[in-house]
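Notes follow the structure.
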Amino acid sequence: MDQIYELLAITLGAILSNNFIFSQFLGCCPFLGVSKKVDTAVGMGIAVTFVMGLASAACYAVNLLLLHLDLAYMQTVAFILVIAALVQFIEMFLQKAMPALYTALGIYLPLITTNCAVLGVVLLNVQNDYNFISSVVYGITGGLGFLLAIVLFASIRERLVFAEYPKSFEGFPVALVTAGLMALAFMGFSGILYTQLLCWVCWAPRSACCWLWPPRCLRSRRTPGRRPCWATWPAPTAAAAAIPAAPAAPPPLWRGTPR
């Protein structure tokens with residue numbers, strides 16, 4: 001069950017609180033360049049998601065081989081080669097199966113090779129010491145977070161065409177302002193994701209998220225007979241019990257009846 005909770009936390013984090021675009025600022029080049037139309041944004045998001053998922057699986061095996069051969073310093077170069085091969089495969093597939101989408105993506109399709117979100121996800125898998133399943137889940141959900149961000153941004157940019165704003169904001173200035181406001185909105189998930197949403201959805205154990213959450217577990221109200229996750233907290237230590245209580249508030253200065 002702990003593995004399921006960990007995968008759920010990775011999924012929610014990659015899509016919402018640790019979004020590659022709005023939180024880690026990776027992959028901003030295609031995010032700004034292919035977000036003028038929703039159809040093109042969906043195609044780019046699906047392509048990036050596919051590449052990130054395959055790259056996470058392939059680079060995990062490549063990393064094990066490099067560690068076995070004591071060539072850990074070649075990780076970045078090897079990962080770039082694997083990503084480039086995957087992008088070439090996708091480019092040939094789109095050129096044969098979906099020529100309209102291939103033409104719409106244009107130069108940004110081969111630029112997935114140098115997309116820092118794709119390289120960043122495989123490096124973060126190594127840095128966080130994820131296993132194979134966690135690496136693949138993080139890669140796919142990170143791509144889904146990219147897809148969500150670019151589709152929302154493209155839908156807003158389509159409506160900005162009919163909006164009224166100063167002439168100096170035409171083009172990329174208003175797009176950057178919009179992206180900044182969306183990043184601020186996604187920052188709201190950072191404070192509630194692991195502490196409230198995850199506990200409410202799956203009744204996660206204390207090791208997953210409830211250690212930082214006050215004793216207000218909503219899951220215990222839904223499942224009769226089950227103790228809430230905060231019921232297994234350890235008792236306060238002697239050092240914590242020895243901390244003096246806060247002083248009482250001073251009495252009010254006015255004691256009479258106001259006139």
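Ordering of the structure tokens sets the chain letters (A, B, ...), residue numbers begin anew at 1 in every chain, and ligands are numbered from 1 in the order given.
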
Pick out the residues sitting within 8 Å of Asn19 in chain A, and hand them over as JSON, numbers by chain; count only C-alpha atoms, and ignore anything fewer than 5 positions along from it in its own chain. {"A": [13, 14, 24, 142, 145, 146]}

Within 10 Å of Pro30 in chain A, counting only C-alpha atoms, which residues qualify if same-chain residues fewer than 6 places away don't, as a PyMOL selection string? chain A and resi 41+44-45+48+105+107-109+111-112+115+150

Give me, as a Markdown table, the closest atom pair and its distance (Å, one decimal) for every residue of range 106-177 of chain A within a cut-off of 8 Å of range 32-39 of chain A, counting only C-alpha atoms, rows sorted by chain and rising number.
```
| residue | atom | partner | partner_atom | distance |
| --- | --- | --- | --- | --- |
| A:Tyr108 | CA | A:Val34 | CA | 7.5 |
| A:Ile150 | CA | A:Ser35 | CA | 6.2 |
| A:Val151 | CA | A:Val38 | CA | 5.9 |
| A:Phe153 | CA | A:Ser35 | CA | 6.6 |
| A:Ala154 | CA | A:Ser35 | CA | 4.5 |
| A:Ser155 | CA | A:Val38 | CA | 5.9 |
| A:Arg157 | CA | A:Lys36 | CA | 6.1 |
| A:Glu158 | CA | A:Lys36 | CA | 6.5 |
| A:Ala175 | CA | A:Leu32 | CA | 7.8 |
```

Find the residues around range 176-181 of chain A up to 9 Å (only C-alpha atoms counted), leave out those fewer than 2 positions away in its own chain, and share them as an MDAnalysis selection string. chainID A and resid 22 32 153 156:157 169 172:174 183:186

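In this model, the gap between CA of Val87 in chain A and CA of Ile10 in chain A comes to 24.9 Å.
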
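Nearest-residue note for Tyr5 in chain A: choosing from A:Leu124, A:Met92, A:Ser134, A:Val82, the minimum distance belongs to A:Ser134, counting only C-alpha atoms.
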
When you look at range 62-68 of chain A with a cut-off of 12 Å (counting only C-alpha atoms), what residues show up, excluding the ones that are within fewer than 2 positions of it in the same chain? I need them as a PyMOL selection string. chain A and resi 55-60+70-83+122-123+125-127+129-132+135

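Minimum distance to Ile90 in chain A across A:Leu8, A:Leu69, A:Cys29, A:Ala47 (counting only C-alpha atoms) occurs at A:Ala47.
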
Correct to one decimal, the distance CA of Thr113 in chain A-CA of Gly53 in chain A is 13.9 Å

One decimal place gives the CA of Gly43 in chain A-CA of Ala163 in chain A separation as 25.7 Å

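Closest to Val42 in chain A among A:Ile15, A:Ile140, A:Val118, A:Ala104 is A:Ala104, based on only C-alpha atoms.
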